[in-house]
Structures are given as C-alpha cells and as structure tokens.
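*Asks:* Following this line is query00.cif, made up of mmCIF, C-alpha atoms:
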data_model
#
loop_
_atom_site.label_atom_id
_atom_site.label_comp_id
_atom_site.auth_asym_id
_atom_site.auth_seq_id
_atom_site.Cartn_x
_atom_site.Cartn_y
_atom_site.Cartn_z
CA MET A 1 0.00 0.00 0.00
CA PRO A 2 2.79 2.60 0.71
CA VAL A 3 4.10 2.17 -2.84
CA LEU A 4 0.59 2.61 -4.25
CA VAL A 5 0.11 5.78 -2.20
CA LEU A 6 3.40 7.20 -3.49
CA LEU A 7 2.44 6.41 -7.08
CA PHE A 8 -0.93 8.13 -6.60
CA PHE A 9 0.88 11.20 -5.25
CA ILE A 10 3.25 11.34 -8.24
CA THR A 11 0.35 10.84 -10.64
CA ALA A 12 -1.61 13.69 -9.05
CA VAL A 13 1.36 16.06 -9.38
CA LEU A 14 1.92 15.24 -13.05
CA TYR A 15 -1.70 15.22 -14.15
CA ALA A 16 -2.75 18.31 -12.21
CA SER A 17 0.05 20.25 -13.90
CA VAL A 18 -1.71 19.76 -17.26
CA GLY A 19 -5.24 20.21 -15.94
CA PHE A 20 -6.15 16.51 -15.57
CA GLY A 21 -7.36 14.59 -12.53
CA GLY A 22 -5.40 11.40 -13.25
CA GLY A 23 -8.36 9.01 -13.19
CA SER A 24 -7.06 6.91 -16.06
CA THR A 25 -3.73 6.25 -14.35
CA TYR A 26 -5.34 5.69 -10.94
CA ASN A 27 -7.43 2.98 -12.60
CA ALA A 28 -4.35 1.47 -14.23
CA LEU A 29 -2.40 1.47 -10.95
CA LEU A 30 -5.29 -0.18 -9.12
CA VAL A 31 -5.60 -2.82 -11.84
CA LEU A 32 -1.90 -3.63 -11.48
CA HIS A 33 -2.28 -3.61 -7.68
CA GLY A 34 -4.94 -6.30 -7.92
CA ALA A 35 -7.91 -4.30 -6.69
CA ASP A 36 -11.45 -5.49 -7.45
CA TYR A 37 -12.25 -3.90 -10.81
CA ARG A 38 -15.78 -3.01 -9.66
CA ILE A 39 -14.48 -0.41 -7.20
CA LEU A 40 -11.79 1.08 -9.46
CA PRO A 41 -13.98 3.76 -11.05
CA SER A 42 -15.25 5.00 -7.69
CA ILE A 43 -11.75 5.36 -6.22
CA ALA A 44 -10.50 7.09 -9.36
CA LEU A 45 -13.46 9.47 -9.44
CA ILE A 46 -13.03 10.45 -5.79
CA CYS A 47 -9.37 11.22 -6.53
CA ASN A 48 -10.46 13.19 -9.60
CA ILE A 49 -12.82 15.30 -7.50
CA ILE A 50 -10.05 16.10 -5.02
CA VAL A 51 -7.51 17.00 -7.71
CA GLY A 52 -9.99 18.64 -10.08
CA ALA A 53 -11.39 20.96 -7.44
CA GLY A 54 -7.95 22.27 -6.57
CA GLY A 55 -6.97 22.58 -10.21
CA ALA A 56 -10.12 24.46 -11.21
CA PHE A 57 -9.62 26.87 -8.31
CA ARG A 58 -6.00 27.63 -9.13
CA PHE A 59 -6.53 27.95 -12.89
CA SER A 60 -9.50 30.23 -12.22
CA ARG A 61 -7.42 32.47 -9.97
CA ALA A 62 -4.75 32.63 -12.66
CA GLY A 63 -7.37 33.88 -15.14
CA HIS A 64 -7.35 30.84 -17.44
CA LEU A 65 -10.89 29.53 -16.80
CA ASP A 66 -13.57 30.67 -19.26
CA TRP A 67 -16.83 29.65 -17.58
CA ARG A 68 -19.15 30.87 -20.33
CA ALA A 69 -17.33 29.09 -23.18
CA LEU A 70 -17.19 25.84 -21.21
CA ALA A 71 -20.87 25.84 -20.11
CA PRO A 72 -22.31 23.94 -23.15
CA TRP A 73 -19.78 21.15 -22.73
CA ILE A 74 -20.55 20.64 -19.05
CA VAL A 75 -24.34 20.97 -19.29
CA ALA A 76 -24.43 18.04 -21.72
CA SER A 77 -21.68 15.92 -20.18
CA VAL A 78 -22.90 15.80 -16.56
CA PRO A 79 -26.14 13.82 -17.09
CA ALA A 80 -24.42 11.64 -19.68
CA ALA A 81 -21.65 10.79 -17.18
CA TRP A 82 -24.27 9.69 -14.64
CA ILE A 83 -25.90 7.41 -17.21
CA GLY A 84 -22.55 5.90 -18.19
CA GLY A 85 -21.64 5.35 -14.55
CA ARG A 86 -24.81 3.32 -13.98
CA ILE A 87 -24.04 0.74 -16.71
CA PRO A 88 -22.32 -2.47 -15.48
CA ILE A 89 -19.40 -3.63 -17.65
CA SER A 90 -16.95 -6.56 -17.55
CA GLU A 91 -13.31 -6.21 -16.50
CA THR A 92 -11.94 -6.98 -19.97
CA PHE A 93 -14.28 -4.49 -21.64
CA PHE A 94 -13.43 -1.87 -19.01
CA ILE A 95 -9.67 -2.12 -19.60
CA ALA A 96 -9.96 -2.40 -23.39
CA ALA A 97 -12.34 0.55 -23.73
CA LEU A 98 -10.21 2.77 -21.52
CA GLY A 99 -6.95 1.79 -23.21
CA LEU A 100 -8.17 2.20 -26.79
CA THR A 101 -9.82 5.56 -26.23
CA LEU A 102 -6.75 6.91 -24.48
CA LEU A 103 -4.48 5.61 -27.23
CA ALA A 104 -6.55 7.40 -29.87
CA ALA A 105 -6.59 10.60 -27.85
CA GLY A 106 -2.86 10.48 -27.16
CA VAL A 107 -1.85 9.86 -30.78
CA ARG A 108 -4.13 12.65 -31.99
CA LEU A 109 -2.68 15.12 -29.51
CA ALA A 110 0.94 14.08 -30.07
CA PHE A 111 0.72 14.85 -33.79
CA GLU A 112 -1.47 17.94 -33.52
CA ARG A 113 0.20 21.15 -34.56
CA THR A 114 0.37 24.11 -32.22
CA PRO A 115 -3.29 25.20 -31.81
CA ALA A 116 -2.86 28.84 -32.58
CA ALA A 117 -5.03 30.59 -35.17
CA PRO A 118 -3.72 33.49 -37.25
CA GLY A 119 -3.08 36.47 -35.05
CA GLY A 120 -3.26 34.32 -31.93
CA GLU A 121 -7.06 34.11 -32.04
CA PHE A 122 -9.16 31.12 -31.04
CA HIS A 123 -12.71 30.25 -32.05
CA PRO A 124 -14.98 28.13 -29.80
CA PRO A 125 -17.34 25.88 -31.83
CA PRO A 126 -21.13 26.41 -32.00
CA ALA A 127 -23.00 25.51 -28.82
CA THR A 128 -24.85 22.66 -30.54
CA LEU A 129 -21.60 20.96 -31.51
CA ALA A 130 -20.18 21.48 -28.01
CA ILE A 131 -23.31 19.93 -26.47
CA ALA A 132 -23.19 16.89 -28.76
CA ILE A 133 -19.49 16.23 -28.17
CA GLY A 134 -19.78 16.96 -24.45
CA ALA A 135 -22.58 14.41 -24.07
CA ALA A 136 -20.56 11.73 -25.88
CA LEU A 137 -17.44 12.39 -23.81
CA GLY A 138 -19.44 12.46 -20.60
CA PHE A 139 -21.04 9.09 -21.32
CA ILE A 140 -17.70 7.43 -22.15
CA SER A 141 -16.10 8.98 -19.08
CA GLY A 142 -18.83 7.76 -16.75
CA LEU A 143 -18.70 4.29 -18.29
CA VAL A 144 -14.98 3.78 -17.65
CA GLY A 145 -14.84 5.81 -14.43
CA ILE A 146 -12.77 8.87 -15.30
CA GLY A 147 -13.46 12.59 -15.44
CA GLY A 148 -13.06 12.93 -19.20
CA GLY A 149 -10.49 15.70 -19.36
CA ILE A 150 -8.06 13.35 -21.07
CA PHE A 151 -10.65 12.96 -23.86
CA LEU A 152 -11.65 16.61 -23.91
CA ALA A 153 -8.15 18.05 -24.33
CA PRO A 154 -7.42 16.60 -27.81
CA VAL A 155 -10.88 17.68 -29.00
CA LEU A 156 -10.34 21.26 -27.81
CA TYR A 157 -6.89 21.38 -29.38
CA PHE A 158 -8.29 20.13 -32.68
CA LEU A 159 -11.10 22.71 -32.61
CA ARG A 160 -8.64 25.51 -31.73
CA TRP A 161 -10.79 26.27 -28.71
CA GLY A 162 -8.14 28.18 -26.76
CA SER A 163 -4.57 28.36 -25.49
CA PRO A 164 -2.97 25.33 -23.77
CA GLN A 165 -3.45 26.94 -20.33
CA LYS A 166 -7.08 27.73 -21.12
CA ILE A 167 -7.64 24.15 -22.27
CA ALA A 168 -5.96 22.78 -19.15
CA ALA A 169 -8.25 24.97 -17.03
CA ALA A 170 -11.32 23.79 -18.97
CA CYS A 171 -10.31 20.17 -18.44
CA SER A 172 -10.01 20.71 -14.68
CA LEU A 173 -13.58 21.97 -14.40
CA PHE A 174 -14.87 19.35 -16.86
CA ILE A 175 -13.24 16.61 -14.77
CA LEU A 176 -14.67 17.94 -11.52
CA ALA A 177 -18.23 18.15 -12.85
CA ASN A 178 -18.19 14.77 -14.60
CA SER A 179 -16.48 13.02 -11.71
CA LEU A 180 -19.20 14.15 -9.31
CA SER A 181 -21.89 12.95 -11.70
CA GLY A 182 -20.10 9.72 -12.60
CA LEU A 183 -19.45 8.94 -8.94
CA ALA A 184 -23.17 9.22 -8.20
CA GLY A 185 -23.87 6.62 -10.86
CA GLN A 186 -21.01 4.37 -9.74
CA ALA A 187 -22.13 4.57 -6.08
CA MET A 188 -25.62 3.38 -7.02
CA LYS A 189 -24.07 0.50 -8.98
CA LEU A 190 -21.78 -0.42 -6.08
CA GLY A 191 -24.71 -0.40 -3.71
CA ASP A 192 -26.29 -3.14 -5.82
CA VAL A 193 -23.30 -5.45 -5.32
CA GLY A 194 -22.32 -4.42 -1.77
CA GLY A 195 -19.01 -2.91 -2.85
CA VAL A 196 -19.09 0.39 -0.95
CA SER A 197 -17.32 -1.09 2.09
CA MET A 198 -14.35 -2.15 -0.06
CA LEU A 199 -13.45 1.50 -0.72
CA ALA A 200 -12.28 2.02 2.90
CA GLU A 201 -9.19 -0.13 2.31
CA TYR A 202 -7.79 2.53 -0.02
CA TRP A 203 -8.43 5.65 2.07
CA MET A 204 -4.72 6.58 2.20
CA VAL A 205 -4.62 7.46 -1.49
CA PHE A 206 -7.04 10.36 -1.00
CA PRO A 207 -4.80 12.64 1.13
CA ALA A 208 -1.90 11.70 -1.18
CA VAL A 209 -3.67 13.04 -4.27
CA LEU A 210 -4.87 16.10 -2.34
CA ILE A 211 -1.29 17.16 -1.64
CA GLY A 212 0.00 16.12 -5.06
CA GLY A 213 -2.84 17.87 -6.87
CA GLN A 214 -2.15 21.16 -5.12
CA ILE A 215 1.52 21.01 -6.08
CA GLY A 216 0.76 20.10 -9.69
CA SER A 217 -1.97 22.67 -10.27
CA ARG A 218 0.29 25.42 -8.94
CA LEU A 219 2.98 24.39 -11.44
CA GLY A 220 0.52 24.22 -14.32
CA ALA A 221 -1.15 27.54 -13.60
CA SER A 222 1.97 29.64 -13.39
CA LYS A 223 5.25 27.80 -14.04
CA LEU A 224 4.97 25.67 -17.18
CA SER A 225 5.12 26.97 -20.76
CA PRO A 226 2.25 26.16 -23.20
CA ALA A 227 4.55 23.86 -25.23
CA THR A 228 5.55 21.95 -22.11
CA VAL A 229 1.91 21.56 -21.10
CA LYS A 230 1.08 20.02 -24.46
CA ARG A 231 4.07 17.65 -24.49
CA LEU A 232 3.32 16.42 -20.98
CA THR A 233 -0.31 15.88 -21.89
CA ALA A 234 0.47 13.69 -24.92
CA ALA A 235 3.19 11.70 -23.13
CA LEU A 236 0.99 10.93 -20.14
CA ILE A 237 -1.95 9.81 -22.27
CA LEU A 238 0.17 7.49 -24.42
CA TYR A 239 1.99 5.97 -21.44
CA VAL A 240 -1.24 5.11 -19.66
CA ALA A 241 -2.85 3.75 -22.84
CA ILE A 242 0.05 1.36 -23.50
CA ARG A 243 0.03 0.09 -19.91
CA LEU A 244 -3.70 -0.57 -20.01
CA LEU A 245 -3.61 -2.34 -23.38
CA TRP A 246 -0.72 -4.50 -22.20
CA ARG A 247 -2.81 -5.50 -19.20
CA TRP A 248 -5.83 -6.19 -21.43
CA GLY A 249 -3.72 -8.42 -23.66
CA SER A 250 -2.62 -10.50 -20.68
CA LEU A 251 -6.27 -11.07 -19.74
CA VAL A 252 -7.42 -12.05 -23.22
CA PHE A 253 -4.51 -14.07 -24.63
#
Now, as a test, write the supplied structure out as structure tokens.
*Replies:*
Amino acid sequence: MPVLVLLFFITAVLYASVGFGGGSTYNALLVLHGADYRILPSIALICNIIVGAGGAFRFSRAGHLDWRALAPWIVASVPAAWIGGRIPISETFFIAALGLTLLAAGVRLAFERTPAAPGGEFHPPPATLAIAIGAALGFISGLVGIGGGIFLAPVLYFLRWGSPQKIAAACSLFILANSLSGLAGQAMKLGDVGGVSMLAEYWMVFPAVLIGGQIGSRLGASKLSPATVKRLTAALILYVAIRLLWRWGSLVF
C-alpha cells in the first residue's frame, strides 16, 4: 500500500500540472495492484474530484478559466456521465475501452500542430456541436470511471478552442463536474453489489492526491510553458494507454 500511495501522489502532481485529474492512471495502478475492478472507477473518481477541485480553483485564480465558453460542454456531459456510470461492464471491456480511447486521444494530440489561429485568435465551436461532443465524452467517461479531461483536451486542441493553459483549465472543471456525476452513478451501482465497504481499504490514497494535486496545479497555472503543457499531456496519455492495453492483452490471450 505505501508504494501505491506514493504512485498516486506522483500521478496527481503530473496530471494536475496539465489540468487533468489522473483518473485513467489511478485505474491502471489499481488494476496492477490487484484491486477489485468493480471499485476502481469510484476510487478514481473520488481522486479526480479532489484534484480537479484544486486545479479548477488555481486555474481560475490565474485567469485561465472561461466559464461561459465551457458551459455547453458541461451541461451536456454531466447527465451523460451519470448514465454511463450506472451501466455495469466486464473487466476486460473496461480495460480495453479505456486503453483504446486513451491511445486514440494520445496519438491525436501528439501529432497535432500548435493550436494557434492566425493572429493568436481562437474560435470556440457552436453551442450545438459542443453539447453533442460533451454528451458523448461524458457518457464514455462515466462508463470507464474517469473525469473525461483526457478525452476533452485533444478535442479542444483540434477545434482551436483556446490556449494550452485555457484548455488545461477547462479540463479541470470538466473533470470535476463529470467526476461528481459519474461517482453518483457508480455509487448506485456499487450499492447493488455491496461494494461500498471495499473503498475504505484505499483511504490513504485520498490525502496523497490532495497534496499532489495542489503542487501540480500550482505548477501548471503559473510555471509551465504552453509547449511543455502540451508535451506532458500527450506523453501521459500514451503511457497510460500502453500500460492498459498490455494488461488487457494479458487477460485475453
């Protein structure tokens, strides 16, 4: 358990620096630790809430959070995340779905050119498109038990939605909102199988990500350059995707 707590702390520092909660890696670490896969999403979402709340606060104070532009994404994603969180899935499907979606997101972001429009201007998409994409991302996020920022970031980069810091800030708030909604759905599902009591065994990871998230969000809001933010984002997504797919392969073959 001490090693797991340390890894959760390191994950929180790294992910919070780029506006993420770290839910995907928390899930991967718990899978490798041998935890019951049914409780993985709930633990990851609780950690996301802790890290996302601190990240959203610090990015907001730094002036990077655009509440109005992000509203359509969150309004659609929150109910969709709750629906996804209520759907029971198998362990192999859980790992495969998470790994494949993260691989696609990481590759897309790694090869995306710098998202700056002529003159340094950015153009948020129409509200209808934001609502449709937000709902889809929210559902997938709730299904696999993450906040969805790791899916949202490549989409926002592709749409030239804003600067890297602004996108990192948007992801923090998106993760916080979807994690709260997804956790509500996961808690109802756990109640059906009597899994709530199993969460207590992992209580030590929660203060670890609280401290790590505060450190990381401070670095991301004021210390890291936009190019560094983007490189870290792509590297983290691809690393986690490969680890998850390797684990999925060992279960199937």
*Asks:* Take atom CA of Tyr37 of chain A and atom CA of Val75 of chain A and report the distance between them in Å, one decimal.
*Replies:*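 Between atom CA of Tyr37 of chain A and atom CA of Val75 of chain A the gap is 28.9 Å.
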*Asks:* For the structure shown, which residues end up in the PyMOL selection byres ((chain A and resi 181) around 6)? Put them as a list in words, please?
*Replies:*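 So the PyMOL selection byres ((chain A and resi 181) around 6), applied here, picks out Val78, Ala81, Trp82, Asn178, Ser179, Leu180, Gly182, Leu183 and Ala184 of chain A.
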*Asks:* Please produce a file of those selected residues containing C-alpha atoms, as a PDB file, keeping the file's coordinate frame.
*Replies:*
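Contents of the output file result-v2.pdb:
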ATOM      1  CA  VAL A  78     -22.900  15.800 -16.560  1.00  0.00           C
ATOM      2  CA  ALA A  81     -21.650  10.790 -17.180  1.00  0.00           C
ATOM      3  CA  TRP A  82     -24.270   9.690 -14.640  1.00  0.00           C
ATOM      4  CA  ASN A 178     -18.190  14.770 -14.600  1.00  0.00           C
ATOM      5  CA  SER A 179     -16.480  13.020 -11.710  1.00  0.00           C
ATOM      6  CA  LEU A 180     -19.200  14.150  -9.310  1.00  0.00           C
ATOM      7  CA  GLY A 182     -20.100   9.720 -12.600  1.00  0.00           C
ATOM      8  CA  LEU A 183     -19.450   8.940  -8.940  1.00  0.00           C
ATOM      9  CA  ALA A 184     -23.170   9.220  -8.200  1.00  0.00           C
TER      10      ALA A 184
END
*Asks:* Of the candidates A:Ser172, A:Ser163, A:Thr101, A:Ser77, which shows the shortest atom-to-atom distance to Ile131 of chain A, using all atoms listed in the file?
*Replies:*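 Nearest candidate to Ile131 of chain A out of A:Ser172, A:Ser163, A:Thr101, A:Ser77: A:Ser77.
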*Asks:* Enter the distance from atom CA of Gly63 of chain A to atom CA of Ala168 of chain A, in Å, rounded to one decimal.
*Replies:*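 Taking atom CA of Gly63 of chain A as the start and atom CA of Ala168 of chain A as the end point, the length is 11.9 Å.
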*Asks:* What is the distance between atom CA of Arg61 of chain A and atom CA of Ile46 of chain A, in Å to one decimal?
*Replies:* 23.1 Å
*Asks:* Would you write out, as JSON, numbers by chain, every residue that the PyMOL selection byres ((chain A and resi 1-18) around 7) captures in this file?
*Replies:* {"A": [19, 20, 21, 22, 26, 51, 55, 168, 204, 205, 208, 209, 212, 213, 215, 216, 217, 219, 220, 229, 233]}
*Asks:* Grab the residues selected above and save them as a PDB file, keeping the file's coordinate frame with C-alpha atoms.
*Replies:*
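Just written: selection_31.pdb:
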ATOM      1  CA  GLY A  19      -5.240  20.210 -15.940  1.00  0.00           C
ATOM      2  CA  PHE A  20      -6.150  16.510 -15.570  1.00  0.00           C
ATOM      3  CA  GLY A  21      -7.360  14.590 -12.530  1.00  0.00           C
ATOM      4  CA  GLY A  22      -5.400  11.400 -13.250  1.00  0.00           C
ATOM      5  CA  TYR A  26      -5.340   5.690 -10.940  1.00  0.00           C
ATOM      6  CA  VAL A  51      -7.510  17.000  -7.710  1.00  0.00           C
ATOM      7  CA  GLY A  55      -6.970  22.580 -10.210  1.00  0.00           C
ATOM      8  CA  ALA A 168      -5.960  22.780 -19.150  1.00  0.00           C
ATOM      9  CA  MET A 204      -4.720   6.580   2.200  1.00  0.00           C
ATOM     10  CA  VAL A 205      -4.620   7.460  -1.490  1.00  0.00           C
ATOM     11  CA  ALA A 208      -1.900  11.700  -1.180  1.00  0.00           C
ATOM     12  CA  VAL A 209      -3.670  13.040  -4.270  1.00  0.00           C
ATOM     13  CA  GLY A 212       0.000  16.120  -5.060  1.00  0.00           C
ATOM     14  CA  GLY A 213      -2.840  17.870  -6.870  1.00  0.00           C
ATOM     15  CA  ILE A 215       1.520  21.010  -6.080  1.00  0.00           C
ATOM     16  CA  GLY A 216       0.760  20.100  -9.690  1.00  0.00           C
ATOM     17  CA  SER A 217      -1.970  22.670 -10.270  1.00  0.00           C
ATOM     18  CA  LEU A 219       2.980  24.390 -11.440  1.00  0.00           C
ATOM     19  CA  GLY A 220       0.520  24.220 -14.320  1.00  0.00           C
ATOM     20  CA  VAL A 229       1.910  21.560 -21.100  1.00  0.00           C
ATOM     21  CA  THR A 233      -0.310  15.880 -21.890  1.00  0.00           C
TER      22      THR A 233
END
*Asks:* Show me, as a list in words, the residues that have an atom within 12 Å of Val252 of chain A when counting all atoms listed in the file, minus same-chain residues fewer than 6 positions from it.
*Replies:*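 After dropping sequence-adjacent residues, the list is Glu91, Thr92, Phe93, Ile95, Ala96, Leu245 and Trp246 of chain A.
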*Asks:* Which residues are near Ala53 of chain A? Cut-off 9 Å, all atoms listed in the file, ignore same chain within fewer than 5 positions. Put them as a PyMOL selection string.
*Replies:* chain A and resi 48+58+172-173+175-176
*Asks:* Any chance you could resolve the PyMOL selection byres ((chain A and resi 154) around 8) against this file and give the residues as a PyMOL selection string?
*Replies:* chain A and resi 105-106+108-109+150-153+155-158
*Asks:* Give the answer as one residue: which of A:Ala35, A:Ala130, A:Ile146, A:Ile237 has the shortest atom-to-atom distance to Gly23 of chain A, using only C-alpha atoms?
*Replies:* A:Ile146
*Asks:* Can you list, as a ChimeraX atom specification, every protein, DNA or RNA residue that comes within 12 Å of Arg247 of chain A when you count only C-alpha atoms, leaving out same-chain residues fewer than 6 positions away?
*Replies:* /A:27-34,91-96,98-99,240-241,253
*Asks:* Using all atoms listed in the file, pick whichever of A:Ile211, A:Ile140, A:Ala170, A:Ile50 has the shortest atom-to-atom distance to Leu65 of chain A.
*Replies:*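 Using all atoms listed in the file, Leu65 of chain A sits closest to A:Ala170.
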*Asks:* I'd like to know which of A:Val107, A:Ile39, A:Ala56, A:Ala69 is closest to Gly149 of chain A, using all atoms listed in the file.
*Replies:*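 Under the stated criterion, the closest residue is A:Ala56.
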*Asks:* If we count all atoms listed in the file, what is near Tyr239 of chain A at a cut-off of 9 Å, once residues fewer than 5 positions away on the same chain are taken out, given as a ChimeraX atom specification?
*Replies:* /A:103,106,234,244
*Asks:* Tell me which of A:Ala127, A:Val144, A:Ile49, A:Met188 sits closest to Gly84 of chain A, counting all atoms listed in the file.
*Replies:*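 Closest candidate: A:Val144.
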*Asks:* Could you check the closest approach to Ala136 of chain A for each of A:Gly148, A:Leu45, A:His64, A:Pro207 and tell me which residue wins, using only C-alpha atoms?
*Replies:*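 Among A:Gly148, A:Leu45, A:His64, A:Pro207, it is A:Gly148 that comes nearest to Ala136 of chain A.
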*Asks:* Would you compute, for all listed atoms of segment 242-251 of chain A, the axis-aligned bounding box grown by 6 Å on each side, and then report its centre and edge lengths in Å rounded to one decimal, as lines of an AutoDock Vina configuration file?
*Replies:*
center_x = -3.1
center_y = -4.9
center_z = -21.4
size_x = 18.3
size_y = 24.4
size_z = 16.5
